[in-house]
>>> print(open('model.txt').read())   # compact mmCIF, C-alpha atoms
# COMPACT_ATOMS: atom_id res chain seq x y z
CA MET O 1320 79.92 93.55 169.48
CA GLU O 1321 80.75 92.99 173.18
CA LYS O 1322 81.50 89.30 172.75
CA LYS O 1323 83.79 90.08 169.81
CA GLN O 1324 85.57 92.76 171.83
CA TYR O 1325 86.00 90.38 174.75
CA GLU O 1326 87.36 87.63 172.49
CA LEU O 1327 89.79 90.09 170.93
CA CYS O 1328 90.89 91.27 174.37
CA LEU O 1329 91.54 87.65 175.38
CA GLU O 1330 93.51 87.00 172.20
CA ILE O 1331 95.70 90.05 172.93
CA LEU O 1332 96.34 88.78 176.45
CA ARG O 1333 97.14 85.28 175.13
CA ARG O 1334 99.65 86.68 172.65
CA PHE O 1335 101.28 88.94 175.22
CA ASN O 1336 101.52 86.00 177.61
CA LYS O 1337 103.03 83.76 174.93
CA ALA O 1338 105.57 86.48 174.07
CA ASP O 1339 106.49 86.62 177.78
CA ILE O 1340 105.64 90.31 178.18
CA LEU O 1341 102.26 90.12 179.92
CA LYS O 1342 103.98 89.77 183.29
CA HIS O 1343 105.36 93.32 182.85
CA PHE O 1344 101.92 94.84 182.16
CA ILE O 1345 99.07 95.89 184.41
CA LEU O 1346 95.70 96.08 182.69
CA ILE O 1347 94.04 99.33 183.73
CA GLY O 1348 91.08 101.43 182.65
CA SER O 1349 87.51 100.32 182.16
CA TRP O 1350 88.55 96.89 180.85
CA CYS O 1351 90.13 95.88 184.13
CA VAL O 1352 86.73 96.28 185.79
CA LEU O 1353 85.51 93.34 183.71
CA PHE O 1354 88.20 91.18 185.29
CA TYR O 1355 87.03 92.15 188.77
CA LYS O 1356 84.03 89.86 188.28
CA ASP O 1357 85.71 87.00 190.14
CA TYR O 1358 86.89 89.32 192.91
CA PHE O 1359 83.32 90.53 193.42
CA GLU O 1360 81.80 87.10 192.72
CA SER O 1361 78.62 87.80 194.64
CA ASN O 1362 78.06 91.15 192.96
CA ASP O 1363 76.83 90.59 189.42
CA SER O 1364 76.32 94.27 188.62
CA ILE O 1365 80.03 95.11 188.79
CA LYS O 1366 80.71 93.97 185.24
CA TYR O 1367 78.17 96.49 183.98
CA THR O 1368 79.71 99.30 186.02
CA ALA O 1369 82.19 100.57 183.48
CA ILE O 1370 80.91 101.62 180.09
CA LYS O 1371 83.51 99.82 178.04
CA THR O 1372 84.76 101.90 175.19
CA ARG O 1373 87.32 100.65 172.73
CA ASP O 1374 90.20 101.86 174.89
CA ILE O 1375 92.29 99.13 176.44
CA ASP O 1376 95.25 100.43 178.42
CA PHE O 1377 98.31 98.61 179.66
CA LEU O 1378 100.42 100.20 182.35
CA ILE O 1379 104.12 99.36 182.44
CA SER O 1380 105.50 100.19 185.85
CA ALA O 1381 109.13 99.25 185.12
CA PRO O 1382 109.87 99.46 181.39
CA SER O 1383 113.60 98.90 181.90
CA LYS O 1384 112.88 95.42 183.31
CA ILE O 1385 111.55 94.26 179.93
CA GLN O 1386 114.53 92.36 178.55
CA VAL O 1387 112.83 90.63 175.63
CA ASN O 1388 112.37 92.27 172.24
CA VAL O 1389 108.82 91.91 171.00
CA ASP O 1390 107.45 93.82 168.03
CA ILE O 1391 103.95 94.42 169.37
CA PRO O 1392 102.52 96.02 166.18
CA ALA O 1393 103.72 93.00 164.16
CA LEU O 1394 102.42 90.63 166.84
CA LEU O 1395 98.91 92.03 166.50
CA GLN O 1396 98.93 93.00 162.82
CA ASP O 1397 97.09 89.92 161.58
CA LEU O 1398 94.26 90.69 163.99
CA GLY O 1399 93.72 93.95 162.10
CA PHE O 1400 95.45 96.40 164.44
CA MET O 1401 96.83 99.48 162.72
CA VAL O 1402 99.56 101.73 164.12
CA ILE O 1403 98.17 105.24 164.51
CA PHE O 1404 100.26 108.26 165.49
CA ARG O 1405 98.25 110.63 167.64
CA GLY O 1406 98.89 114.31 168.14
CA GLN O 1407 101.93 116.34 167.21
CA LYS O 1408 104.23 114.38 169.53
CA GLY O 1409 103.51 111.09 167.80
CA TYR O 1410 101.95 108.97 170.55
CA ILE O 1411 101.44 105.48 169.21
CA GLN O 1412 98.21 103.61 169.63
CA LEU O 1413 97.13 100.40 167.98
CA ASP O 1414 93.68 100.83 166.45
CA HIS O 1415 91.11 98.19 165.59
CA PRO O 1416 87.36 98.66 165.00
CA ASP O 1417 86.70 96.84 168.27
CA LEU O 1418 89.63 97.92 170.45
CA ILE O 1419 92.22 100.68 170.76
CA LEU O 1420 95.39 99.66 172.53
CA GLU O 1421 97.54 102.14 174.36
CA PHE O 1422 100.52 101.88 176.68
CA LEU O 1423 101.07 104.04 179.73
CA VAL O 1424 103.95 104.60 182.15
CA PRO O 1425 103.97 106.49 185.47
CA GLU O 1426 105.16 110.06 185.03
CA LYS O 1427 108.38 110.79 186.89
CA GLY O 1428 109.91 114.07 187.96
CA ARG O 1429 108.53 117.23 186.43
CA GLY O 1430 106.95 115.26 183.70
CA THR O 1431 107.13 115.61 179.96
CA ASN O 1432 104.73 115.98 177.10
CA LYS O 1433 106.83 113.70 174.90
CA PRO O 1434 106.02 110.01 174.40
CA TYR O 1435 108.07 107.56 176.46
CA ALA O 1436 109.95 105.36 174.02
CA LEU O 1437 109.67 101.58 174.39
CA PRO O 1438 112.07 100.45 171.65
CA GLN O 1439 112.10 96.85 172.82
CA LEU O 1440 108.35 96.71 172.13
CA LYS O 1441 108.37 98.94 169.01
CA VAL O 1442 105.77 101.26 170.56
CA ASN O 1443 105.80 104.27 172.82
CA ALA O 1444 103.83 105.12 175.94
CA VAL O 1445 102.02 108.05 177.47
CA ALA O 1446 103.48 109.19 180.82
CA LEU O 1447 100.71 110.21 183.20
CA ARG O 1448 100.64 111.42 186.78
CA PHE O 1449 99.25 109.34 189.64
CA LEU O 1450 99.71 106.03 187.79
CA ASN O 1451 102.18 104.73 190.36
CA PHE O 1452 99.22 104.62 192.73
CA LEU O 1453 97.82 101.84 190.56
CA THR O 1454 101.06 99.86 190.69
CA ASP O 1455 101.30 100.07 194.50
CA SER O 1456 98.79 97.29 194.99
CA THR O 1457 97.76 94.84 192.32
CA ILE O 1458 95.86 91.58 192.21
CA LYS O 1459 96.35 88.72 189.76
CA VAL O 1460 93.26 87.41 188.04
CA LYS O 1461 93.24 84.05 186.34
CA VAL O 1462 92.38 84.12 182.65
CA GLU O 1463 92.37 80.69 181.02
CA ASN O 1464 95.76 79.21 181.98
CA PHE O 1465 97.60 82.44 182.79
CA PHE O 1466 97.33 85.46 185.07
CA VAL O 1467 96.73 89.13 184.36
CA ALA O 1468 97.70 91.82 186.82
CA VAL O 1469 95.07 94.49 187.51
CA PRO O 1470 95.08 97.24 190.14
CA HIS O 1471 93.47 96.39 193.47
CA PRO O 1472 89.86 97.62 193.16
CA ALA O 1473 90.35 100.08 196.03
CA ASN O 1474 93.39 101.65 194.33
CA PHE O 1475 91.51 101.71 191.03
CA ALA O 1476 88.49 103.46 192.51
CA LEU O 1477 90.44 106.01 194.55
CA HIS O 1478 92.65 106.74 191.54
CA LYS O 1479 89.56 107.44 189.45
CA LEU O 1480 88.33 109.87 192.12
CA ILE O 1481 91.63 111.75 191.88
CA ILE O 1482 91.83 111.93 188.12
CA PHE O 1483 88.22 112.58 187.18
CA GLN O 1484 88.55 116.15 188.43
CA ARG O 1485 91.49 116.72 186.05
CA ARG O 1486 89.54 115.58 182.99
CA ARG O 1487 88.73 118.23 180.43
CA ASN O 1488 86.13 115.97 178.89
CA GLU O 1489 83.00 116.15 181.09
CA ASP O 1490 81.63 112.88 179.79
CA LYS O 1491 84.79 110.95 180.69
CA ALA O 1492 84.90 112.66 184.08
CA ALA O 1493 81.34 111.58 184.83
CA LYS O 1494 82.13 108.03 183.70
CA ASP O 1495 85.22 107.86 185.94
CA ARG O 1496 83.37 109.16 188.97
CA SER O 1497 80.47 106.81 188.47
CA SER O 1498 82.64 103.69 188.12
CA ALA O 1499 84.75 104.71 191.15
CA VAL O 1500 81.69 105.05 193.36
CA GLU O 1501 80.24 101.71 192.21
CA ILE O 1502 83.49 99.87 192.94
CA LEU O 1503 83.82 101.47 196.37
CA LYS O 1504 80.25 100.44 197.17
CA ALA O 1505 80.99 96.90 195.99
CA LEU O 1506 84.07 96.78 198.23
CA ILE O 1507 82.04 97.99 201.22
CA GLU O 1508 79.41 95.35 200.47
CA LYS O 1509 82.20 92.76 200.36
CA GLY O 1510 83.33 93.84 203.83
CA GLU O 1511 86.48 95.61 202.69
CA ALA O 1512 85.70 99.07 204.04
CA GLN O 1513 88.86 98.94 206.16
CA THR O 1514 90.98 98.21 203.06
CA ILE O 1515 89.63 101.39 201.48
CA VAL O 1516 90.42 103.35 204.66
CA LYS O 1517 93.94 101.90 204.83
CA ILE O 1518 94.74 102.76 201.22
CA PHE O 1519 93.17 106.20 201.60
CA ALA O 1520 95.33 106.86 204.65
CA SER O 1521 98.46 105.89 202.74
CA VAL O 1522 98.12 108.57 200.04
CA PRO O 1523 99.44 112.13 200.33
CA SER O 1524 97.07 114.63 201.97
CA LYS O 1525 96.63 116.53 198.69
CA TRP O 1526 95.32 113.38 197.06
CA GLN O 1527 93.08 112.70 200.07
CA ALA O 1528 91.61 116.18 199.66
CA LYS O 1529 90.90 115.46 195.98
CA ILE O 1530 89.21 112.17 196.87
CA ILE O 1531 87.04 113.84 199.52
CA LYS O 1532 86.14 116.63 197.10
CA GLY O 1533 85.17 114.10 194.46
CA LEU O 1534 82.94 112.15 196.84
CA GLU O 1535 81.32 115.36 198.12
CA ALA O 1536 80.54 116.38 194.54
CA ALA O 1537 78.97 112.94 194.02
CA GLY O 1538 76.99 113.25 197.27
CA GLU O 1539 78.33 109.94 198.60
CA ARG O 1540 77.79 110.44 202.34
CA GLU O 1541 78.18 106.78 203.31
CA ILE O 1542 81.63 106.48 201.74
CA LEU O 1543 82.69 109.84 203.19
CA ASN O 1544 81.63 108.71 206.67
CA ILE O 1545 83.70 105.54 206.31
CA LEU O 1546 86.79 107.48 205.25
CA SER O 1547 86.48 110.01 208.05
CA ALA O 1548 85.82 107.44 210.79
CA MET D 155 73.52 119.73 176.24
CA ARG D 156 75.05 116.37 175.39
CA GLY D 157 74.99 113.62 178.01
CA VAL D 158 77.55 110.99 178.96
CA ILE D 159 76.43 108.40 176.42
CA LYS D 160 76.46 110.79 173.46
CA GLY D 161 79.88 112.00 174.53
CA VAL D 162 81.18 108.44 174.43
CA LEU D 163 79.52 107.89 171.04
CA ALA D 164 81.08 111.08 169.63
CA GLU D 165 84.51 109.90 170.69
CA GLU D 166 83.86 106.49 169.16
CA LEU D 167 82.85 108.19 165.90
CA GLN D 168 86.17 110.03 165.77
CA ASN D 169 88.02 106.78 166.44
CA SER D 170 86.06 105.02 163.69
CA LEU D 171 86.75 107.78 161.16
CA ARG D 172 90.45 107.50 161.96
CA MET D 173 90.30 103.74 161.53
CA LYS D 174 88.54 104.05 158.17
CA LYS D 175 91.34 106.29 156.94
CA ALA D 176 93.98 103.87 158.25
CA TYR D 177 92.45 100.80 156.58
CA GLU D 178 91.97 102.63 153.27
CA LYS D 179 95.61 103.68 153.37
CA ALA D 180 96.74 100.16 154.27
CA LEU D 181 94.72 98.67 151.40
CA LYS D 182 96.27 101.13 148.95
CA GLY D 183 99.71 100.15 150.25
CA LEU D 184 99.28 96.45 149.54
CA PRO D 185 100.70 95.04 146.28
CA GLN D 186 97.94 94.98 143.70
CA GLY D 187 96.67 91.84 142.09
CA SER D 188 96.78 88.19 143.02
CA LEU D 189 98.88 85.32 141.73
CA ALA D 190 97.46 82.81 139.32
CA VAL D 191 99.52 79.75 138.48
CA ARG D 192 99.53 77.75 135.26
CA LYS D 193 101.23 74.41 134.93
CA ILE D 194 102.83 73.99 131.53
CA LYS D 195 104.74 70.78 130.80
CA GLY D 196 105.21 70.12 134.50
CA GLN D 197 106.58 73.60 135.22
CA GLN D 198 104.70 76.25 137.22
CA TYR D 199 104.43 79.71 135.67
CA TYR D 200 102.94 82.60 137.54
CA TYR D 201 100.71 85.36 136.27
CA LEU D 202 99.61 88.42 138.17
CA ALA D 203 95.85 88.92 137.84
CA LYS D 204 95.10 92.61 138.14
CA ARG D 205 92.09 94.78 137.45
CA VAL D 206 92.98 97.43 134.87
CA GLY D 207 90.30 99.85 133.72
CA GLY D 208 87.53 97.62 134.99
CA LYS D 209 88.84 94.47 133.28
CA VAL D 210 90.89 91.69 134.85
CA LYS D 211 94.18 91.28 133.00
CA HIS D 212 96.89 88.68 133.48
CA PHE D 213 100.52 89.76 133.45
CA TYR D 214 103.19 87.14 132.96
CA LYS D 215 105.62 86.85 135.88
CA GLY D 216 107.35 83.62 134.94
CA LYS D 217 109.07 81.66 137.67
CA ILE D 218 109.04 83.63 140.91
CA SER D 219 110.87 83.18 144.20
CA GLU D 220 109.25 81.71 147.31
CA GLU D 221 109.60 85.09 148.98
CA GLU D 222 107.64 86.86 146.28
CA LYS D 223 104.99 84.12 146.38
CA ARG D 224 104.73 84.57 150.14
CA LYS D 225 104.45 88.35 149.68
CA TYR D 226 101.44 88.01 147.40
CA GLU D 227 99.82 85.35 149.59
CA GLU D 228 100.24 87.55 152.64
CA ALA D 229 98.83 90.53 150.74
CA LYS D 230 95.81 88.45 149.75
CA VAL D 231 95.14 87.55 153.39
CA PHE D 232 95.56 91.12 154.60
CA ARG D 233 93.43 92.51 151.76
CA ALA D 234 90.56 90.24 152.75
CA LYS D 235 91.04 91.09 156.44
CA TYR D 236 91.23 94.85 155.89
CA ARG D 237 88.24 94.86 153.54
CA LYS D 238 86.16 93.03 156.16
CA LEU D 239 87.28 95.39 158.93
CA LEU D 240 86.73 98.43 156.71
CA ALA D 241 83.17 97.28 156.05
CA GLN D 242 82.72 96.87 159.81
CA VAL D 243 84.08 100.35 160.49
CA LYS D 244 81.83 101.91 157.83
CA LYS D 245 78.83 100.20 159.44
CA GLN D 246 79.90 101.58 162.84
CA ILE D 247 80.22 105.09 161.39
CA ARG D 248 76.70 104.92 159.94
CA PHE D 249 75.31 103.70 163.27
CA LEU D 250 77.19 106.31 165.31
CA ARG D 251 76.18 109.17 163.04
CA GLY D 252 72.58 108.05 163.27
CA SER D 253 72.72 107.81 167.05
CA LEU D 254 74.25 111.25 167.41
CA ARG D 255 71.57 112.83 165.24
CA GLY D 256 68.93 112.15 167.91
CA LYS D 257 67.74 115.18 169.88
CA GLU D 258 67.76 113.49 173.30
CA ALA D 259 70.52 114.68 175.63
CA ILE D 260 71.55 111.20 176.84
>>> encode(input="model.txt", output="structure tokens")
Amino acid sequence: MEKKQYELCLEILRRFNKADILKHFILIGSWCVLFYKDYFESNDSIKYTAIKTRDIDFLISAPSKIQVNVDIPALLQDLGFMVIFRGQKGYIQLDHPDLILEFLVPEKGRGTNKPYALPQLKVNAVALRFLNFLTDSTIKVKVENFFVAVPHPANFALHKLIIFQRRRNEDKAAKDRSSAVEILKALIEKGEAQTIVKIFASVPSKWQAKIIKGLEAAGEREILNILSA
Amino acid sequence: MRGVIKGVLAEELQNSLRMKKAYEKALKGLPQGSLAVRKIKGQQYYYLAKRVGGKVKHFYKGKISEEEKRKYEEAKVFRAKYRKLLAQVKKQIRFLRGSLRGKEAI
């Protein structure tokens, strides 16, 4: 199952790249952890850190910059992806037995509970808070002959520590916290403790408080000591 | 109390049930039957082979346009694809239901 999922994920990335839209996307969520394997080349356990579900999320930081028209449901239809409308507001996700594709945009202003329309891509997106934190710092990982943007691991981990406390689903919250802690530990092992401190210092104090609270709940003294140093 | 893994499995079960519904709907929406071609005196005549009441019957279509041919060919490919994926989803549902029946809070 995992190999099939991975192959399908690669095929999606290849098609997005060929359609010239991949450059506008940032791969986030548990699937981006898989692509950290080169970044943490000496740490083999990192690829097992996130329990990969079927959710594969693409964040679009600047939807208005997408000038090409690409019918994403049609692009992926022959792979077996079905368009599913979720909830009363009609959020679109593309479902497949091995993967579920969703698009996200950073929430702006007071926020809305309506889907964000992406007519040039024939889909819509979920607007969520705190996502701009993931777009602040990204790294490009090489996949075959193209590049995929993923959040910097420090941003990814700290973001997870902010959002896990907002989760209604306890299982997802536990999963988020666990993967955040593992990535932070891997960064410290890689000698990037100062990067974590720098990014932590750059976020608003309310977010810092959430991060500290999350680490205290997880009992992660070592990471807390590094952040408070 | 359910643990993290069972929580993930429960969510996957819901996803799979939704997928099953979607594939069944998609299969129903495809044009029924497949094209069979007979060559008579150098000309190609098309018949639509369809199952009616348990028996396969052939309905004469005559000469059809390239577009209609393509429509049936495409439907044939998608029918095979969706049937395979539906079988996969049904297998996943059986596995997930079995896993969630266990008493361990994992």
>>> closest_atom_pairs(input="model.txt", of="chain D", to="chain O", cutoff="9 Å", atoms="all atoms listed in the file", output="tab-separated table")
residue	atom	partner	partner_atom	distance
D:Arg156	CA	O:Asp1490	CA	8.7
D:Gly157	CA	O:Asp1490	CA	6.9
D:Val158	CA	O:Asp1490	CA	4.6
D:Ile159	CA	O:Asp1490	CA	7.6
D:Lys160	CA	O:Asp1490	CA	8.4
D:Gly161	CA	O:Asp1490	CA	5.6
D:Val162	CA	O:Asp1490	CA	7.0
D:Leu163	CA	O:Thr1372	CA	9.0
D:Glu166	CA	O:Thr1372	CA	7.6
D:Asn169	CA	O:Asp1414	CA	8.2
D:Ser170	CA	O:Pro1416	CA	6.6
D:Arg172	CA	O:Ile1403	CA	8.4
D:Met173	CA	O:Asp1414	CA	6.6
D:Lys174	CA	O:Pro1416	CA	8.8
D:Ala176	CA	O:Met1401	CA	6.9
D:Tyr177	CA	O:Met1401	CA	7.7
D:Ala180	CA	O:Met1401	CA	8.5
D:Val231	CA	O:Asp1397	CA	8.7
D:Phe232	CA	O:Asp1397	CA	7.2
D:Lys235	CA	O:Gly1399	CA	6.9
D:Tyr236	CA	O:Gly1399	CA	6.8
D:Leu239	CA	O:Pro1416	CA	6.9
D:Leu240	CA	O:Pro1416	CA	8.3
D:Gln242	CA	O:Pro1416	CA	7.2
D:Val243	CA	O:Pro1416	CA	5.8
D:Gln246	CA	O:Pro1416	CA	8.3
>>> residues_around(input="model.txt", residues="Ile247 (chain D)", least_positions_apart="2", cutoff="8 Å", atoms="only C-alpha atoms", output="list in words")
Leu167, Ser170, Leu171, Val243, Lys244, Lys245, Phe249, Leu250 and Arg251 of chain D
>>> write_last_selection(input="model.txt", atoms="C-alpha atoms", output="mmCIF file, in the coordinates of the input")
data_model
loop_
_atom_site.group_PDB
_atom_site.id
_atom_site.type_symbol
_atom_site.label_atom_id
_atom_site.label_comp_id
_atom_site.auth_asym_id
_atom_site.auth_seq_id
_atom_site.Cartn_x
_atom_site.Cartn_y
_atom_site.Cartn_z
ATOM 1 C CA LEU D 167 82.850 108.190 165.900
ATOM 2 C CA SER D 170 86.060 105.020 163.690
ATOM 3 C CA LEU D 171 86.750 107.780 161.160
ATOM 4 C CA VAL D 243 84.080 100.350 160.490
ATOM 5 C CA LYS D 244 81.830 101.910 157.830
ATOM 6 C CA LYS D 245 78.830 100.200 159.440
ATOM 7 C CA PHE D 249 75.310 103.700 163.270
ATOM 8 C CA LEU D 250 77.190 106.310 165.310
ATOM 9 C CA ARG D 251 76.180 109.170 163.040
#
>>> residues_around(input="model.txt", residues="Lys223 (chain D)", least_positions_apart="4", cutoff="12 Å", atoms="only C-alpha atoms", output="PDB file with C-alpha atoms, in the frame of the given file")
ATOM      1  CA  PRO D 185     100.700  95.040 146.280  1.00  0.00           C
ATOM      2  CA  SER D 188      96.780  88.190 143.020  1.00  0.00           C
ATOM      3  CA  LEU D 189      98.880  85.320 141.730  1.00  0.00           C
ATOM      4  CA  ALA D 190      97.460  82.810 139.320  1.00  0.00           C
ATOM      5  CA  VAL D 191      99.520  79.750 138.480  1.00  0.00           C
ATOM      6  CA  TYR D 199     104.430  79.710 135.670  1.00  0.00           C
ATOM      7  CA  TYR D 200     102.940  82.600 137.540  1.00  0.00           C
ATOM      8  CA  TYR D 201     100.710  85.360 136.270  1.00  0.00           C
ATOM      9  CA  LEU D 202      99.610  88.420 138.170  1.00  0.00           C
ATOM     10  CA  LYS D 215     105.620  86.850 135.880  1.00  0.00           C
ATOM     11  CA  GLY D 216     107.350  83.620 134.940  1.00  0.00           C
ATOM     12  CA  LYS D 217     109.070  81.660 137.670  1.00  0.00           C
ATOM     13  CA  ILE D 218     109.040  83.630 140.910  1.00  0.00           C
ATOM     14  CA  SER D 219     110.870  83.180 144.200  1.00  0.00           C
ATOM     15  CA  GLU D 227      99.820  85.350 149.590  1.00  0.00           C
ATOM     16  CA  GLU D 228     100.240  87.550 152.640  1.00  0.00           C
ATOM     17  CA  ALA D 229      98.830  90.530 150.740  1.00  0.00           C
ATOM     18  CA  LYS D 230      95.810  88.450 149.750  1.00  0.00           C
TER      19      LYS D 230
END
>>> atom_distance(input="model.txt", atom1="CA of Val1389 (chain O)", atom2="CA of Lys1441 (chain O)")
7.3 Å
>>> residues_around(input="model.txt", residues="region 1423-1433 of chain O", least_positions_apart="6", cutoff="12 Å", atoms="all atoms listed in the file", output="number ranges by chain")
O: 1343-1348, 1375-1383, 1405-1412, 1442-1455
>>> atom_distance(input="model.txt", atom1="CA of Arg1333 (chain O)", atom2="CA of Phe1465 (chain O)")
8.2 Å
>>> atom_distance(input="model.txt", atom1="CA of Trp1526 (chain O)", atom2="CA of Ala1505 (chain O)")
21.9 Å
>>> residues_around(input="model.txt", residues="Phe1519 (chain O)", least_positions_apart="4", cutoff="8 Å", atoms="only C-alpha atoms", output="JSON, numbers by chain")
{"O": [1477, 1515, 1527, 1546]}
>>> residues_around(input="model.txt", residues="Leu181 (chain D)", least_positions_apart="2", cutoff="8 Å", atoms="only C-alpha atoms", output="VMD selection string")
chain D and resid 177 to 179 183 to 184 233 236 to 237
>>> closest_residue(input="model.txt", among="O:Asn1336, O:Asn1474, O:Lys1479, O:Leu1341", to="Ser1521 (chain O)", atoms="only C-alpha atoms")
O:Asn1474
>>> closest_residue(input="model.txt", among="D:Lys257, D:Gly252, D:Gly187, D:Lys182", to="Phe213 (chain D)", atoms="all atoms listed in the file")
D:Gly187
>>> build_atoms(input="model.txt", residues="region 1460-1467 of chain O", atoms="all heavy atoms", output="PDB file, in the coordinates of the input")
ATOM      1  N   VAL O1460      94.482  88.147 188.346  1.00  0.00           N
ATOM      2  CA  VAL O1460      93.260  87.410 188.040  1.00  0.00           C
ATOM      3  C   VAL O1460      93.578  86.327 187.026  1.00  0.00           C
ATOM      4  O   VAL O1460      94.374  86.545 186.107  1.00  0.00           O
ATOM      5  CB  VAL O1460      92.137  88.341 187.511  1.00  0.00           C
ATOM      6  CG1 VAL O1460      91.638  89.255 188.599  1.00  0.00           C
ATOM      7  CG2 VAL O1460      92.573  89.139 186.326  1.00  0.00           C
ATOM      8  N   LYS O1461      92.937  85.168 187.225  1.00  0.00           N
ATOM      9  CA  LYS O1461      93.240  84.050 186.340  1.00  0.00           C
ATOM     10  C   LYS O1461      92.373  84.160 185.077  1.00  0.00           C
ATOM     11  O   LYS O1461      91.154  84.339 185.129  1.00  0.00           O
ATOM     12  CB  LYS O1461      92.947  82.721 187.035  1.00  0.00           C
ATOM     13  CG  LYS O1461      93.501  81.545 186.238  1.00  0.00           C
ATOM     14  CD  LYS O1461      93.597  80.280 187.035  1.00  0.00           C
ATOM     15  CE  LYS O1461      94.324  79.212 186.205  1.00  0.00           C
ATOM     16  NZ  LYS O1461      94.030  77.874 186.590  1.00  0.00           N
ATOM     17  N   VAL O1462      93.069  84.105 183.946  1.00  0.00           N
ATOM     18  CA  VAL O1462      92.380  84.120 182.650  1.00  0.00           C
ATOM     19  C   VAL O1462      92.865  82.876 181.911  1.00  0.00           C
ATOM     20  O   VAL O1462      94.057  82.743 181.651  1.00  0.00           O
ATOM     21  CB  VAL O1462      92.760  85.385 181.836  1.00  0.00           C
ATOM     22  CG1 VAL O1462      92.099  85.346 180.470  1.00  0.00           C
ATOM     23  CG2 VAL O1462      92.366  86.648 182.584  1.00  0.00           C
ATOM     24  N   GLU O1463      92.000  81.973 181.648  1.00  0.00           N
ATOM     25  CA  GLU O1463      92.370  80.690 181.020  1.00  0.00           C
ATOM     26  C   GLU O1463      93.500  80.054 181.825  1.00  0.00           C
ATOM     27  O   GLU O1463      93.323  79.772 183.005  1.00  0.00           O
ATOM     28  CB  GLU O1463      92.751  80.915 179.543  1.00  0.00           C
ATOM     29  CG  GLU O1463      91.546  81.404 178.737  1.00  0.00           C
ATOM     30  CD  GLU O1463      91.821  81.656 177.273  1.00  0.00           C
ATOM     31  OE1 GLU O1463      92.988  81.598 176.847  1.00  0.00           O
ATOM     32  OE2 GLU O1463      90.847  81.893 176.550  1.00  0.00           O
ATOM     33  N   ASN O1464      94.692  79.864 181.229  1.00  0.00           N
ATOM     34  CA  ASN O1464      95.760  79.210 181.980  1.00  0.00           C
ATOM     35  C   ASN O1464      96.887  80.168 182.358  1.00  0.00           C
ATOM     36  O   ASN O1464      98.020  79.755 182.608  1.00  0.00           O
ATOM     37  CB  ASN O1464      96.327  78.038 181.165  1.00  0.00           C
ATOM     38  CG  ASN O1464      96.910  78.526 179.835  1.00  0.00           C
ATOM     39  OD1 ASN O1464      96.639  79.642 179.400  1.00  0.00           O
ATOM     40  ND2 ASN O1464      97.713  77.699 179.198  1.00  0.00           N
ATOM     41  N   PHE O1465      96.580  81.474 182.383  1.00  0.00           N
ATOM     42  CA  PHE O1465      97.600  82.440 182.790  1.00  0.00           C
ATOM     43  C   PHE O1465      96.964  83.509 183.664  1.00  0.00           C
ATOM     44  O   PHE O1465      95.762  83.477 183.921  1.00  0.00           O
ATOM     45  CB  PHE O1465      98.283  83.065 181.549  1.00  0.00           C
ATOM     46  CG  PHE O1465      97.330  83.695 180.560  1.00  0.00           C
ATOM     47  CD1 PHE O1465      96.965  85.028 180.679  1.00  0.00           C
ATOM     48  CD2 PHE O1465      96.812  82.961 179.497  1.00  0.00           C
ATOM     49  CE1 PHE O1465      96.094  85.613 179.774  1.00  0.00           C
ATOM     50  CE2 PHE O1465      95.939  83.542 178.584  1.00  0.00           C
ATOM     51  CZ  PHE O1465      95.576  84.873 178.723  1.00  0.00           C
ATOM     52  N   PHE O1466      97.811  84.431 184.153  1.00  0.00           N
ATOM     53  CA  PHE O1466      97.330  85.460 185.070  1.00  0.00           C
ATOM     54  C   PHE O1466      97.554  86.851 184.488  1.00  0.00           C
ATOM     55  O   PHE O1466      98.546  87.111 183.810  1.00  0.00           O
ATOM     56  CB  PHE O1466      98.042  85.347 186.423  1.00  0.00           C
ATOM     57  CG  PHE O1466      97.641  84.124 187.186  1.00  0.00           C
ATOM     58  CD1 PHE O1466      98.311  82.918 187.003  1.00  0.00           C
ATOM     59  CD2 PHE O1466      96.587  84.158 188.085  1.00  0.00           C
ATOM     60  CE1 PHE O1466      97.930  81.778 187.700  1.00  0.00           C
ATOM     61  CE2 PHE O1466      96.197  83.022 188.783  1.00  0.00           C
ATOM     62  CZ  PHE O1466      96.872  81.830 188.583  1.00  0.00           C
ATOM     63  N   VAL O1467      96.610  87.729 184.784  1.00  0.00           N
ATOM     64  CA  VAL O1467      96.730  89.130 184.360  1.00  0.00           C
ATOM     65  C   VAL O1467      96.721  89.995 185.618  1.00  0.00           C
ATOM     66  O   VAL O1467      95.874  89.794 186.499  1.00  0.00           O
ATOM     67  CB  VAL O1467      95.528  89.540 183.469  1.00  0.00           C
ATOM     68  CG1 VAL O1467      95.623  91.003 183.093  1.00  0.00           C
ATOM     69  CG2 VAL O1467      95.458  88.687 182.231  1.00  0.00           C
TER      70      VAL O1467
END
